[in-house]
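What follows is the content of upload_17.cif, which has mmCIF, C-alpha atoms:
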data_structure
loop_
_atom_site.label_atom_id
_atom_site.label_comp_id
_atom_site.auth_asym_id
_atom_site.auth_seq_id
_atom_site.Cartn_x
_atom_site.Cartn_y
_atom_site.Cartn_z
CA MET A 1 -0.83 -23.74 -21.61
CA ARG A 2 -3.29 -21.19 -20.24
CA LEU A 3 -1.62 -21.45 -16.83
CA VAL A 4 1.82 -20.87 -18.36
CA LEU A 5 0.57 -17.77 -20.18
CA THR A 6 -0.99 -16.47 -16.99
CA ILE A 7 2.21 -16.93 -15.03
CA ALA A 8 4.22 -15.29 -17.80
CA PHE A 9 1.84 -12.31 -17.76
CA VAL A 10 2.13 -11.94 -14.00
CA VAL A 11 5.91 -12.15 -14.05
CA GLY A 12 6.00 -9.72 -16.94
CA LEU A 13 3.92 -7.18 -15.07
CA GLY A 14 6.34 -7.34 -12.20
CA ALA A 15 9.27 -6.86 -14.52
CA CYS A 16 7.70 -3.73 -16.00
CA SER A 17 7.66 -1.89 -12.70
CA ASN A 18 9.92 0.97 -11.77
CA THR A 19 13.41 -0.51 -11.53
CA ALA A 20 15.17 2.54 -10.09
CA GLU A 21 16.03 1.63 -6.54
CA PRO A 22 18.29 3.18 -3.93
CA VAL A 23 21.49 1.14 -3.64
CA ALA A 24 24.32 1.50 -1.13
CA THR A 25 27.45 2.64 -2.94
CA GLN A 26 29.72 0.55 -0.66
CA THR A 27 32.11 3.48 -0.51
CA VAL A 28 34.97 3.11 2.01
CA CYS A 29 36.90 6.08 3.35
CA PRO A 30 40.45 5.74 1.97
CA SER A 31 43.63 6.29 3.94
CA PRO A 32 44.67 9.01 4.00
CA PRO A 33 41.15 10.46 3.83
CA PRO A 34 40.31 13.05 1.18
CA ASP A 35 40.07 16.69 2.14
CA LEU A 36 36.27 16.77 2.14
CA THR A 37 34.78 18.63 5.08
CA TRP A 38 31.37 20.11 5.83
CA GLU A 39 32.83 23.56 5.34
CA ASN A 40 34.66 23.00 2.05
CA PHE A 41 32.28 20.46 0.43
CA GLY A 42 29.23 19.16 2.28
CA GLN A 43 27.51 22.42 3.05
CA GLN A 44 27.91 23.74 -0.51
CA PHE A 45 26.76 20.45 -2.05
CA MET A 46 23.62 20.42 0.07
CA ALA A 47 22.89 24.08 -0.59
CA SER A 48 23.30 23.58 -4.34
CA TYR A 49 21.20 20.45 -4.71
CA CYS A 50 19.15 19.64 -1.61
CA THR A 51 18.10 22.32 0.85
CA ASP A 52 15.47 23.99 -1.30
CA CYS A 53 13.30 21.13 -0.04
CA HIS A 54 15.37 19.33 2.64
CA ALA A 55 15.74 22.10 5.21
CA SER A 56 14.73 22.26 8.83
CA THR A 57 13.18 25.67 8.22
CA LEU A 58 10.59 24.27 5.81
CA THR A 59 7.26 23.13 7.21
CA HIS A 60 5.05 20.37 5.84
CA ALA A 61 3.46 21.96 2.82
CA MET A 62 6.66 23.82 1.88
CA ARG A 63 8.79 20.69 1.51
CA ASN A 64 7.57 19.66 -1.95
CA GLY A 65 7.39 16.04 -0.86
CA ALA A 66 10.62 15.84 1.12
CA PRO A 67 10.12 13.60 4.16
CA LEU A 68 10.05 15.23 7.57
CA PHE A 69 13.32 15.06 9.52
CA HIS A 70 15.32 14.67 6.32
CA ASP A 71 17.01 18.05 6.70
CA TYR A 72 20.43 18.68 5.25
CA ASP A 73 21.07 22.27 6.23
CA THR A 74 23.30 21.13 9.08
CA LEU A 75 26.02 18.50 9.37
CA HIS A 76 24.01 16.93 12.18
CA GLY A 77 21.04 16.55 9.86
CA VAL A 78 23.17 14.91 7.19
CA LEU A 79 24.81 12.51 9.60
CA SER A 80 21.48 11.47 11.11
CA ILE A 81 20.65 9.54 7.91
CA PRO A 82 23.93 9.09 6.02
CA ASP A 83 22.98 5.75 4.46
CA HIS A 84 19.83 7.27 3.01
CA ILE A 85 21.74 10.09 1.33
CA ASP A 86 24.33 7.64 0.00
CA LYS A 87 21.62 5.45 -1.52
CA TYR A 88 19.77 8.31 -3.20
CA ALA A 89 22.55 10.61 -4.39
CA GLY A 90 25.96 9.01 -3.90
CA ALA A 91 28.25 7.30 -6.39
CA GLY A 92 30.75 4.58 -5.56
CA PRO A 93 32.00 1.11 -6.37
CA ALA A 94 28.57 -0.53 -6.17
CA ALA A 95 26.26 2.11 -7.60
CA VAL A 96 25.80 5.53 -9.12
CA ASN A 97 22.58 6.76 -7.55
CA THR A 98 20.73 9.53 -9.34
CA LEU A 99 17.35 9.33 -7.64
CA MET A 100 17.99 12.72 -6.07
CA PRO A 101 17.71 15.51 -6.86
CA PRO A 102 14.42 15.00 -8.72
CA SER A 103 13.58 16.50 -12.11
CA ARG A 104 11.80 19.63 -10.85
CA CYS A 105 12.85 22.02 -8.10
CA PRO A 106 11.66 25.31 -6.60
CA SER A 107 13.42 28.55 -7.47
CA THR A 108 13.13 29.58 -3.85
CA PRO A 109 13.11 27.25 -0.83
CA GLY A 110 9.58 26.08 -0.23
CA GLY A 111 8.27 27.59 -3.45
CA PRO A 112 6.54 25.95 -6.41
CA LEU A 113 8.41 23.49 -8.64
CA ASP A 114 9.12 25.97 -11.39
CA ARG A 115 12.54 25.00 -12.73
CA ASP A 116 14.61 21.97 -13.69
CA CYS A 117 16.79 20.80 -10.84
CA PRO A 118 20.54 21.26 -11.17
CA GLU A 119 22.25 17.87 -11.36
CA PRO A 120 25.49 17.07 -9.57
CA SER A 121 28.21 15.58 -11.72
CA GLU A 122 29.28 11.99 -11.13
CA ALA A 123 32.49 13.33 -9.57
CA GLU A 124 30.42 15.36 -7.12
CA ARG A 125 28.31 12.30 -6.31
CA THR A 126 31.50 10.31 -5.74
CA ASN A 127 32.77 12.99 -3.39
CA LEU A 128 29.44 12.97 -1.58
CA ALA A 129 29.73 9.25 -0.92
CA LEU A 130 33.35 9.70 0.19
CA PHE A 131 32.37 12.61 2.45
CA ILE A 132 29.67 10.51 4.09
CA ALA A 133 31.90 7.45 4.44
CA CYS A 134 34.68 9.46 6.08
CA GLN A 135 32.36 11.46 8.32
CA THR A 136 30.75 8.25 9.58
CA GLY A 137 34.00 6.34 9.94
CA ASN A 138 33.27 3.74 7.27
CA MET B 1 -11.80 -6.23 -4.68
CA TYR B 2 -13.41 -4.81 -1.72
CA GLU B 3 -15.99 -3.51 -3.94
CA LEU B 4 -16.65 -6.92 -5.23
CA HIS B 5 -16.86 -8.33 -1.84
CA GLN B 6 -19.01 -5.60 -0.78
CA ARG B 7 -21.26 -6.16 -3.59
CA GLN B 8 -21.58 -9.72 -2.71
CA GLU B 9 -22.14 -8.76 0.78
CA LEU B 10 -24.95 -6.61 -0.28
CA ASN B 11 -26.25 -9.32 -2.46
CA GLY B 12 -26.22 -11.53 0.52
CA VAL B 13 -28.24 -9.03 2.42
CA VAL B 14 -30.88 -8.97 -0.13
CA GLY B 15 -31.14 -12.60 -0.81
CA ARG B 16 -30.68 -13.92 2.61
CA ARG B 17 -33.34 -16.56 2.33
CA SER B 18 -31.48 -18.69 -0.12
CA LYS B 19 -28.44 -20.61 0.93
CA VAL B 20 -26.31 -19.22 -1.80
CA ASN B 21 -27.28 -15.70 -1.09
CA ARG B 22 -26.77 -16.21 2.59
CA ARG B 23 -23.23 -17.26 1.88
CA ILE B 24 -22.71 -14.27 -0.24
CA GLY B 25 -24.04 -12.15 2.54
CA ALA B 26 -21.60 -13.67 4.91
CA ALA B 27 -18.86 -12.84 2.57
CA ALA B 28 -20.19 -9.43 2.62
CA LEU B 29 -19.56 -9.17 6.22
CA LEU B 30 -16.00 -8.58 6.12
CA GLY B 31 -15.77 -8.05 2.60
CA SER B 32 -15.23 -5.00 0.99
CA TRP B 33 -14.38 -2.26 2.99
CA THR B 34 -11.03 -1.29 2.97
CA LEU B 35 -8.90 -0.84 0.44
CA ALA B 36 -6.16 -2.31 0.96
CA THR B 37 -4.03 -3.66 3.41
CA GLY B 38 -3.29 -7.25 2.86
CA VAL B 39 -5.84 -8.63 5.19
CA ALA B 40 -8.54 -6.59 3.67
CA LYS B 41 -7.56 -7.73 0.29
CA ALA B 42 -7.67 -11.28 1.38
CA ASP B 43 -11.07 -10.73 2.84
CA HIS B 44 -12.38 -9.51 -0.38
CA ASP B 45 -11.49 -12.61 -2.17
CA MET B 46 -12.71 -14.72 0.60
CA ALA B 47 -15.96 -12.97 0.42
CA MET B 48 -16.21 -13.73 -3.20
CA SER B 49 -15.54 -17.33 -2.61
CA GLU B 50 -18.69 -17.74 -0.68
CA SER B 51 -20.98 -17.88 -3.61
CA HIS B 52 -20.92 -21.61 -4.07
CA ASP B 53 -23.57 -22.44 -6.51
CA GLU B 54 -22.15 -24.23 -9.51
CA SER B 55 -22.80 -21.44 -11.94
CA SER B 56 -20.20 -18.87 -12.87
CA ALA B 57 -20.53 -15.21 -12.05
CA VAL B 58 -18.58 -12.17 -13.09
CA SER B 59 -18.60 -8.96 -11.15
CA VAL B 60 -17.29 -5.48 -11.78
CA GLY B 61 -17.00 -2.73 -9.26
CA VAL B 62 -15.46 0.57 -8.41
CA ALA B 63 -14.44 2.13 -5.12
CA VAL B 64 -13.74 5.77 -4.45
CA GLN B 65 -11.83 6.67 -1.34
CA ALA B 66 -10.40 9.72 0.36
CA ALA B 67 -7.95 9.63 3.25
CA GLU B 68 -5.78 11.84 5.39
CA PHE B 69 -2.49 10.69 6.91
CA ASP B 70 0.02 12.00 9.41
CA THR B 71 3.01 9.68 9.69
CA MET B 72 6.49 10.12 11.10
CA ALA B 73 7.73 11.50 7.78
CA TYR B 74 4.71 12.67 5.81
CA VAL B 75 1.57 14.70 6.26
CA GLY B 76 -1.03 14.81 3.53
CA SER B 77 -3.97 13.16 1.90
CA TYR B 78 -4.90 10.95 -1.01
CA GLN B 79 -7.90 10.14 -3.14
CA SER B 80 -8.35 7.13 -5.35
CA VAL B 81 -10.56 5.37 -7.82
CA THR B 82 -10.19 1.60 -7.80
CA PRO B 83 -11.89 -0.49 -10.48
CA SER B 84 -12.13 -4.19 -9.80
CA LEU B 85 -13.06 -7.38 -11.60
CA GLY B 86 -14.08 -10.69 -10.09
CA TRP B 87 -15.01 -14.16 -11.22
CA MET B 88 -16.56 -17.00 -9.25
CA HIS B 89 -17.39 -20.59 -10.06
CA GLY B 90 -18.65 -22.85 -7.32
CA ARG B 91 -16.08 -22.95 -4.57
CA TYR B 92 -13.46 -21.09 -6.52
CA GLY B 93 -12.93 -17.52 -7.47
CA ALA B 94 -10.45 -14.96 -8.68
CA SER B 95 -10.24 -11.22 -8.59
CA ALA B 96 -8.15 -8.28 -9.73
CA LEU B 97 -8.02 -4.61 -8.83
CA LEU B 98 -5.91 -1.56 -9.46
CA GLY B 99 -6.03 1.74 -7.59
CA LEU B 100 -5.49 5.05 -9.38
CA TYR B 101 -4.35 7.73 -6.95
CA HIS B 102 -3.90 11.40 -6.37
CA LEU B 103 -1.44 11.78 -3.51
CA ASP B 104 -0.49 14.94 -1.68
CA GLU B 105 2.57 14.35 0.53
CA ASN B 106 4.27 17.22 2.33
CA GLY B 107 2.99 19.68 -0.22
CA LEU B 108 3.85 17.67 -3.34
CA SER B 109 0.95 16.58 -5.53
CA ARG B 110 1.30 13.37 -7.55
CA TYR B 111 -0.92 11.22 -9.74
CA GLY B 112 -0.24 7.57 -10.43
CA MET B 113 -1.33 3.97 -10.25
CA GLY B 114 -0.86 1.77 -7.24
CA ASP B 115 0.09 -1.88 -7.12
CA VAL B 116 -2.03 -4.38 -9.03
CA MET B 117 -3.67 -6.95 -6.78
CA LEU B 118 -4.52 -10.41 -8.10
CA GLY B 119 -6.22 -13.01 -5.97
CA GLY B 120 -7.50 -16.55 -5.97
CA HIS B 121 -9.61 -18.24 -3.33
CA ALA B 122 -11.40 -21.48 -2.54
CA THR B 123 -13.95 -22.60 0.02
CA VAL B 124 -12.66 -25.74 1.71
CA ILE B 125 -15.15 -26.29 4.53
CA GLU B 126 -18.87 -25.78 4.04
CA ARG B 127 -21.38 -26.66 6.74
CA ASP B 128 -24.75 -25.20 7.62
CA ALA B 129 -23.75 -21.95 9.19
CA ILE B 130 -20.00 -22.23 9.01
CA GLU B 131 -17.61 -21.92 6.15
CA GLY B 132 -13.88 -21.74 5.81
CA GLY B 133 -11.31 -21.55 3.09
CA VAL B 134 -8.02 -20.36 1.74
CA ALA B 135 -6.99 -17.40 -0.34
CA VAL B 136 -3.80 -16.31 -2.02
CA HIS B 137 -3.13 -12.80 -3.20
CA VAL B 138 -0.22 -11.50 -5.19
CA MET B 139 0.49 -7.80 -5.38
CA LEU B 140 2.57 -6.68 -8.34
CA PRO B 141 4.79 -3.60 -8.05
CA THR B 142 3.13 -1.45 -10.68
CA GLY B 143 3.03 1.50 -8.30
CA SER B 144 6.14 3.61 -7.78
CA ALA B 145 7.74 2.96 -4.41
CA LEU B 146 9.74 6.17 -4.72
CA ASP B 147 6.49 8.09 -5.13
CA ASN B 148 4.92 6.27 -2.17
CA LEU B 149 2.33 4.66 -4.43
CA GLY B 150 3.57 1.07 -4.29
CA MET B 151 5.52 -1.45 -2.26
CA GLY B 152 8.32 -1.66 -4.80
CA HIS B 153 8.33 -5.46 -4.58
CA THR B 154 6.03 -8.30 -5.50
CA MET B 155 4.11 -9.35 -2.41
CA ALA B 156 2.66 -12.82 -1.77
CA MET B 157 -0.16 -13.08 0.75
CA PRO B 158 -1.68 -16.48 1.59
CA ALA B 159 -4.48 -16.52 4.18
CA LEU B 160 -7.09 -18.67 5.89
CA TRP B 161 -10.62 -17.46 6.58
CA ALA B 162 -13.73 -18.59 8.38
CA ALA B 163 -17.28 -17.26 8.51
CA TRP B 164 -20.42 -17.88 10.54
CA HIS B 165 -23.87 -16.87 9.39
CA GLY B 166 -26.89 -16.57 11.66
CA GLU B 167 -30.36 -15.43 10.75
CA GLN B 168 -29.52 -11.76 11.01
CA LEU B 169 -26.01 -11.64 12.36
CA ALA B 170 -22.90 -12.80 10.60
CA ALA B 171 -19.27 -12.87 11.67
CA ARG B 172 -15.99 -13.49 9.95
CA ALA B 173 -12.30 -13.70 10.67
CA SER B 174 -9.10 -14.27 8.75
CA ALA B 175 -5.43 -14.78 9.40
CA GLY B 176 -2.61 -14.77 6.93
CA TYR B 177 0.99 -14.11 6.11
CA ALA B 178 2.43 -11.54 3.75
CA ARG B 179 5.94 -11.31 2.46
CA ALA B 180 7.81 -9.31 -0.12
CA LEU B 181 9.50 -11.54 -2.67
CA THR B 182 12.84 -9.84 -2.14
CA SER B 183 15.55 -9.60 0.48
CA ILE B 184 14.10 -8.22 3.70
CA ASP B 185 16.88 -6.05 4.98
CA GLY B 186 14.78 -3.28 6.45
CA GLY B 187 16.83 -0.25 5.62
CA HIS B 188 16.03 3.37 6.37
CA ASP B 189 12.64 3.73 8.03
CA HIS B 190 10.27 6.33 6.61
CA GLY B 191 7.41 4.92 8.61
CA PRO B 192 4.50 3.07 7.03
CA SER B 193 5.02 2.49 3.32
CA PRO B 194 3.61 3.04 0.81
CA LEU B 195 1.50 5.94 2.00
CA VAL B 196 -1.55 4.84 0.04
CA ASP B 197 -1.86 1.41 1.66
CA PRO B 198 1.07 0.50 3.85
CA MET B 199 2.29 -3.00 4.59
CA ASN B 200 5.41 -4.42 6.19
CA LEU B 201 7.88 -6.37 4.08
CA GLN B 202 6.96 -9.42 6.14
CA GLU B 203 3.97 -9.59 8.44
CA LEU B 204 1.12 -11.59 9.87
CA THR B 205 -2.24 -10.28 8.74
CA TRP B 206 -5.56 -10.57 10.53
CA SER B 207 -9.11 -9.37 10.44
CA ALA B 208 -12.34 -9.86 12.39
CA GLY B 209 -15.75 -8.36 11.94
CA ALA B 210 -19.50 -8.75 12.02
CA ASP B 211 -22.57 -7.25 10.48
CA LEU B 212 -26.27 -7.13 11.11
CA ASP B 213 -29.15 -7.38 8.69
CA LEU B 214 -31.54 -4.51 9.41
CA GLY B 215 -34.03 -5.54 6.77
CA HIS B 216 -35.01 -3.64 3.64
CA ARG B 217 -31.72 -4.78 2.11
CA VAL B 218 -29.68 -2.74 4.53
CA ARG B 219 -26.84 -4.04 6.66
CA VAL B 220 -24.64 -2.33 9.19
CA GLY B 221 -21.35 -3.69 10.43
CA GLY B 222 -17.98 -3.08 11.95
CA ARG B 223 -14.62 -4.69 11.87
CA ALA B 224 -10.96 -4.42 12.65
CA LEU B 225 -7.97 -5.57 10.65
CA GLY B 226 -4.27 -5.14 10.67
CA GLY B 227 -0.76 -6.44 10.33
CA ILE B 228 1.89 -7.54 12.80
CA PRO B 229 5.42 -7.15 11.47
CA ILE B 230 7.85 -10.04 11.51
CA GLY B 231 11.15 -8.38 12.19
CA ALA B 232 11.38 -4.63 11.69
CA GLY B 233 8.20 -2.76 10.90
CA HIS B 234 5.07 -1.21 12.25
CA THR B 235 2.06 -2.88 13.82
CA ARG B 236 -1.00 -1.69 11.98
CA VAL B 237 -4.61 -1.66 13.17
CA ILE B 238 -7.57 -0.29 11.24
CA GLY B 239 -11.12 -0.06 12.51
CA GLY B 240 -14.19 0.67 10.43
CA ALA B 241 -17.95 0.92 10.34
CA ARG B 242 -20.11 0.60 7.29
CA VAL B 243 -23.60 0.70 5.95
CA SER B 244 -24.46 -1.24 2.84
CA TRP B 245 -27.43 -1.74 0.60
CA GLY B 246 -27.86 -4.19 -2.17
CA THR B 247 -29.91 -6.30 -4.49
CA PRO B 248 -28.79 -9.63 -5.95
CA ARG B 249 -27.13 -7.74 -8.80
CA VAL B 250 -26.15 -4.33 -7.50
CA SER B 251 -24.67 -3.30 -4.22
CA THR B 252 -23.42 -0.07 -2.75
CA ALA B 253 -21.73 0.68 0.55
CA VAL B 254 -20.34 3.56 2.50
CA GLU B 255 -17.63 3.02 5.04
CA LEU B 256 -15.71 5.16 7.48
CA GLN B 257 -12.34 3.90 8.70
CA ALA B 258 -9.87 5.04 11.30
CA GLY B 259 -6.20 4.17 11.63
CA LEU B 260 -5.94 2.97 15.22
CA ALA B 261 -2.25 2.02 15.25
CA GLY B 262 0.72 2.19 12.94
CA ASP B 263 -0.34 5.34 11.05
CA PRO B 264 -1.90 3.68 7.99
CA PHE B 265 -4.01 6.87 7.82
CA THR B 266 -5.86 9.00 10.30
CA VAL B 267 -9.28 8.73 8.72
CA ARG B 268 -10.50 7.29 5.43
CA GLY B 269 -13.86 7.26 3.71
CA VAL B 270 -14.84 4.70 1.10
CA VAL B 271 -17.81 4.56 -1.24
CA GLU B 272 -18.09 1.49 -3.39
CA THR B 273 -20.55 -0.01 -5.75
CA ALA B 274 -20.54 -3.20 -7.74
CA LEU B 275 -22.51 -5.07 -10.32
CA ARG B 276 -22.77 -8.83 -10.61
CA PHE B 277 -23.59 -10.76 -13.76
#

Could you write out this structure as C-alpha cells?
Amino acid sequence: MRLVLTIAFVVGLGACSNTAEPVATQTVCPSPPPDLTWENFGQQFMASYCTDCHASTLTHAMRNGAPLFHDYDTLHGVLSIPDHIDKYAGAGPAAVNTLMPPSRCPSTPGGPLDRDCPEPSEAERTNLALFIACQTGN
Amino acid sequence: MYELHQRQELNGVVGRRSKVNRRIGAAALLGSWTLATGVAKADHDMAMSESHDESSAVSVGVAVQAAEFDTMAYVGSYQSVTPSLGWMHGRYGASALLGLYHLDENGLSRYGMGDVMLGGHATVIERDAIEGGVAVHVMLPTGSALDNLGMGHTMAMPALWAAWHGEQLAARASAGYARALTSIDGGHDHGPSPLVDPMNLQELTWSAGADLDLGHRVRVGGRALGGIPIGAGHTRVIGGARVSWGTPRVSTAVELQAGLAGDPFTVRGVVETALRF
C-alpha cells in the first residue's frame, strides 16, 4: 500500500507541472495561397508583437530573455526558424499556441518590462501560421 | 543530493578508520559536487549507499551555487539554493532534492524552482576495498521548461557505480543511461537545456573521480562527469576540484567546476553542508 501511495505521489507531481508546451499547428498552405506577404502581413505582425525583444539590433542584456539568433526584424530571420515561431505563436488545425508574446513587454525595444504585452487575435495567429506555411512551401 | 553525498564523503574522511566510515568516505569521493547533471545526481545517491551498517540514518543538507553560462542562445548567470534529504539503511538508500533558482538569461531575471530529483540506490557488491551497486533516479518536471528551469519531461536515470578505497586515496566511477519519458523528436535546438542543469533527452551518463585524505578531516579531490547524447544533442563534460571537511555528523565542502564541453556553464561554484542523524 505504501508503495502504491508513493507511486501515486510521484505521478501526481509530474502531472502538476507546467503543461503549456509548444505544438506544431500542422498548417498547410492552401491553393490558391492567401495574400499574406512579408510586406502586407509578416513585417507588421512582428513589429507589433515580437521585435521589441526579438530584433537583431538588440544585444544580450537588452533582449529581455529572447534567445540569441531568434530575430524577427527581417524575413530571413523569420524563415530561419519557422517551426519555432509556429509552435510558439501560430494557430492552426492542431493547436492554438499562445506562449508568445509573454505577459510583460518593454515600452521601447530593449527597455524594461513595463507594460502588458499586446496579444494577437486568434485570426492573426492563424494568418501567422498560414504565412509561415506558404513562405516555407508547406 | 550532492550535499548529502558530500556530507557522507566528509564523514568518511573523518572516520576513516572504521569500515563503515571508510565506505562513506569513498562515497564522498565522487559524491556531492555538482549539482546536477544526471551523472552527478546518480553519484550522490551512490555515495549515500555506501554506508552499509545495518542502522538507519537520515541526512539533511543544503547547497548554494552560483554559475555563469554562455551558450549558443543565452548569456547569463544563475544562483540557487538546493535543500536535500536522504535516508540510508544498510545497503539501501533514498534521497530527494529540489533546487530553487534565480536565473538571469539575456537580461531577463526569473525566480523559480527546478526539477525535483528522487533517487534510490543499493550496494550489490561489497569486498574489502571495492564496492559496486546500482542507482535509479527520477527527475520530475516541476521546473518550467519554458523558463529554462526544468527539462519539461519526467526523466528516468538508471546507473551502475563502482568505488575503490585505499588508505588515503579513493576512486570512483559510474556509468548510466538517462531518458525523457516522452517522444524524443528533437525539435528546435536552443543549445543545452535547461540552462540551470542541462541534459539531453536521451544520453549515456558517466563520471570518474578521486580524492585524497590530507588528514585533519580534510580531503581534496577532482573529477570529471558528463553526458553523451543518443541521437540529437550535445556532448557535455564538466570538470571540478573540491576541498571538503567533515566530522561523522557534519560536513562542508567547497567546489569549483568548469564546463569543458557542451556549454553546461562556463564556471560554477558550489558550497554545501550537510548534517547526518

* To do: Specify as a PyMOL selection string each residue included when the PyMOL selection byres ((chain A) within 6 of (chain B)) is applied to this file.
  => chain A and resi 14+17+60-65+67-68

Can you write just those residues out, C-alpha atoms, as a PDB file, keeping the file's coordinate frame?
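And here is the file that came out, out-v6.pdb:
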ATOM      1  CA  GLY A  14       6.340  -7.340 -12.200  1.00  0.00           C
ATOM      2  CA  SER A  17       7.660  -1.890 -12.700  1.00  0.00           C
ATOM      3  CA  HIS A  60       5.050  20.370   5.840  1.00  0.00           C
ATOM      4  CA  ALA A  61       3.460  21.960   2.820  1.00  0.00           C
ATOM      5  CA  MET A  62       6.660  23.820   1.880  1.00  0.00           C
ATOM      6  CA  ARG A  63       8.790  20.690   1.510  1.00  0.00           C
ATOM      7  CA  ASN A  64       7.570  19.660  -1.950  1.00  0.00           C
ATOM      8  CA  GLY A  65       7.390  16.040  -0.860  1.00  0.00           C
ATOM      9  CA  PRO A  67      10.120  13.600   4.160  1.00  0.00           C
ATOM     10  CA  LEU A  68      10.050  15.230   7.570  1.00  0.00           C
TER      11      LEU A  68
END

* To do: Would you kindly return, as a ChimeraX atom specification, each protein, DNA or RNA residue with an atom no farther than 7 Å from any atom of Asp52 in chain A, considering all atoms listed in the file and excluding same-chain residues fewer than 5 positions away?
  => /A:106,108-110

* To do: Enter the distance from CA of Phe41 in chain A to CA of Arg104 in chain A, in Å, rounded to one decimal.
  => 23.4 Å

* May I ask for the distance between CA of Ala123 in chain A and CA of Val78 in chain A, given in Å to one decimal place? =>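 For CA of Ala123 in chain A relative to CA of Val78 in chain A, the distance reads 19.2 Å.
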
* Selection near Met88 in chain B, 6 Å with only C-alpha atoms, sequence-local residues under 5 positions removed, as a ChimeraX atom specification -> /B:56-57,93

* Asked: So how many Å separate CA of Glu122 in chain A and CA of Glu39 in chain A, to one decimal?
  ->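 According to the coordinates, CA of Glu122 in chain A and CA of Glu39 in chain A are separated by 20.4 Å.
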
* To do: Report the residues retrieved by the PyMOL selection byres ((chain A and resi 96) around 9) from the displayed file, expressed as a PyMOL selection string.
  => chain A and resi 23+25+87-95+97-98+122+125-126

* Asked: Can you list, as a list in words, every protein, DNA or RNA residue that comes within 6 Å of Ala135 in chain B when you count all atoms listed in the file, leaving out same-chain residues fewer than 2 positions away?
  ->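 The contact residues come out as Gly120, His121, Pro158 and Ala159 of chain B.
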
* Starting from the point (-30.7, -6.8, 8.5), work out which residues of protein, DNA or RNA have an atom no more than 10 Å away when counting all atoms listed in the file; state them as a list of chain:residue names. =>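 Counting all atoms listed in the file, I find these residues within 10 Å of (-30.7, -6.8, 8.5): B:Val13, B:Val14, B:Arg16, B:Glu167, B:Gln168, B:Leu169, B:Asp211, B:Leu212, B:Asp213, B:Leu214, B:Gly215, B:His216, B:Arg217, B:Val218, B:Arg219, B:Val220, B:Trp245.
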
* To do: Tell me which of B:Leu225, B:Ala163, B:Ala210, B:Met155 sits closest to Ser183 in chain B, counting all atoms listed in the file.
  =>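 Selected residue with least distance to Ser183 in chain B: B:Met155.
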
* Return the single residue from B:Leu98, B:Phe277, B:Arg268, B:Asp263 that is closest to Val250 in chain B, with distances computed using only C-alpha atoms. => B:Phe277

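Under the PyMOL selection byres ((chain B and resi 260) around 9), the matching residues in the shown file are Arg236, Val237, Ile238, Gly239, Ala258, Gly259, Ala261, Gly262, Asp263, Pro264, Phe265 and Thr266 of chain B.
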
* To do: Find the residues near Ala156 in chain B: any atom within 6 Å, counting only C-alpha atoms, skip ones fewer than 2 places away on the same chain, and give them as a PyMOL selection string.
  => chain B and resi 137-138+178-179

Taking 4 positions as the minimum chain separation for residues in the same chain, which residues sit within 6 Å of Thr123 in chain B when counting all atoms listed in the file? Answer as a PDB file with C-alpha atoms, in the frame of the given file.
ATOM      1  CA  ARG B  91     -16.080 -22.950  -4.570  1.00  0.00           C
ATOM      2  CA  GLY B 132     -13.880 -21.740   5.810  1.00  0.00           C
ATOM      3  CA  GLY B 133     -11.310 -21.550   3.090  1.00  0.00           C
TER       4      GLY B 133
END

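All residues that come within 8 Å of the coordinates (25.4, 18.6, 3.9), counting only C-alpha atoms, are given as Trp38, Phe41, Gly42, Gln43, Gln44, Phe45, Met46, Ala47, Tyr72, Asp73, Thr74, Leu75, Gly77 and Val78 of chain A.
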
* Nearest candidate to Gly227 in chain B (options B:Glu131, B:Asp197, B:Glu255, B:Glu126; using all atoms listed in the file) -> B:Asp197

Would you kindly place N, CA and C atoms on range 27-37 of chain A and return the model as a PDB file, in the frame of the given file?
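The new file part.pdb reads:
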ATOM      1  N   THR A  27      30.915   2.642  -0.535  1.00  0.00           N
ATOM      2  CA  THR A  27      32.110   3.480  -0.510  1.00  0.00           C
ATOM      3  C   THR A  27      32.820   3.342   0.847  1.00  0.00           C
ATOM      4  N   VAL A  28      34.150   3.202   0.791  1.00  0.00           N
ATOM      5  CA  VAL A  28      34.970   3.110   2.010  1.00  0.00           C
ATOM      6  C   VAL A  28      35.900   4.319   2.048  1.00  0.00           C
ATOM      7  N   CYS A  29      36.025   4.920   3.200  1.00  0.00           N
ATOM      8  CA  CYS A  29      36.900   6.080   3.350  1.00  0.00           C
ATOM      9  C   CYS A  29      38.367   5.635   3.189  1.00  0.00           C
ATOM     10  N   PRO A  30      39.070   6.184   2.208  1.00  0.00           N
ATOM     11  CA  PRO A  30      40.450   5.740   1.970  1.00  0.00           C
ATOM     12  C   PRO A  30      41.403   6.299   3.035  1.00  0.00           C
ATOM     13  N   SER A  31      42.603   5.776   3.035  1.00  0.00           N
ATOM     14  CA  SER A  31      43.630   6.290   3.940  1.00  0.00           C
ATOM     15  C   SER A  31      44.840   6.721   3.098  1.00  0.00           C
ATOM     16  N   PRO A  32      45.258   7.953   3.165  1.00  0.00           N
ATOM     17  CA  PRO A  32      44.670   9.010   4.000  1.00  0.00           C
ATOM     18  C   PRO A  32      43.333   9.472   3.446  1.00  0.00           C
ATOM     19  N   PRO A  33      42.474  10.018   4.290  1.00  0.00           N
ATOM     20  CA  PRO A  33      41.150  10.460   3.830  1.00  0.00           C
ATOM     21  C   PRO A  33      41.249  11.685   2.950  1.00  0.00           C
ATOM     22  N   PRO A  34      40.303  11.852   2.034  1.00  0.00           N
ATOM     23  CA  PRO A  34      40.310  13.050   1.180  1.00  0.00           C
ATOM     24  C   PRO A  34      39.970  14.293   1.989  1.00  0.00           C
ATOM     25  N   ASP A  35      40.340  15.423   1.453  1.00  0.00           N
ATOM     26  CA  ASP A  35      40.070  16.690   2.140  1.00  0.00           C
ATOM     27  C   ASP A  35      38.644  17.137   1.810  1.00  0.00           C
ATOM     28  N   LEU A  36      37.682  16.446   2.358  1.00  0.00           N
ATOM     29  CA  LEU A  36      36.270  16.770   2.140  1.00  0.00           C
ATOM     30  C   LEU A  36      35.634  17.017   3.498  1.00  0.00           C
ATOM     31  N   THR A  37      35.389  18.276   3.808  1.00  0.00           N
ATOM     32  CA  THR A  37      34.780  18.630   5.080  1.00  0.00           C
ATOM     33  C   THR A  37      33.404  19.237   4.854  1.00  0.00           C
TER      34      THR A  37
END
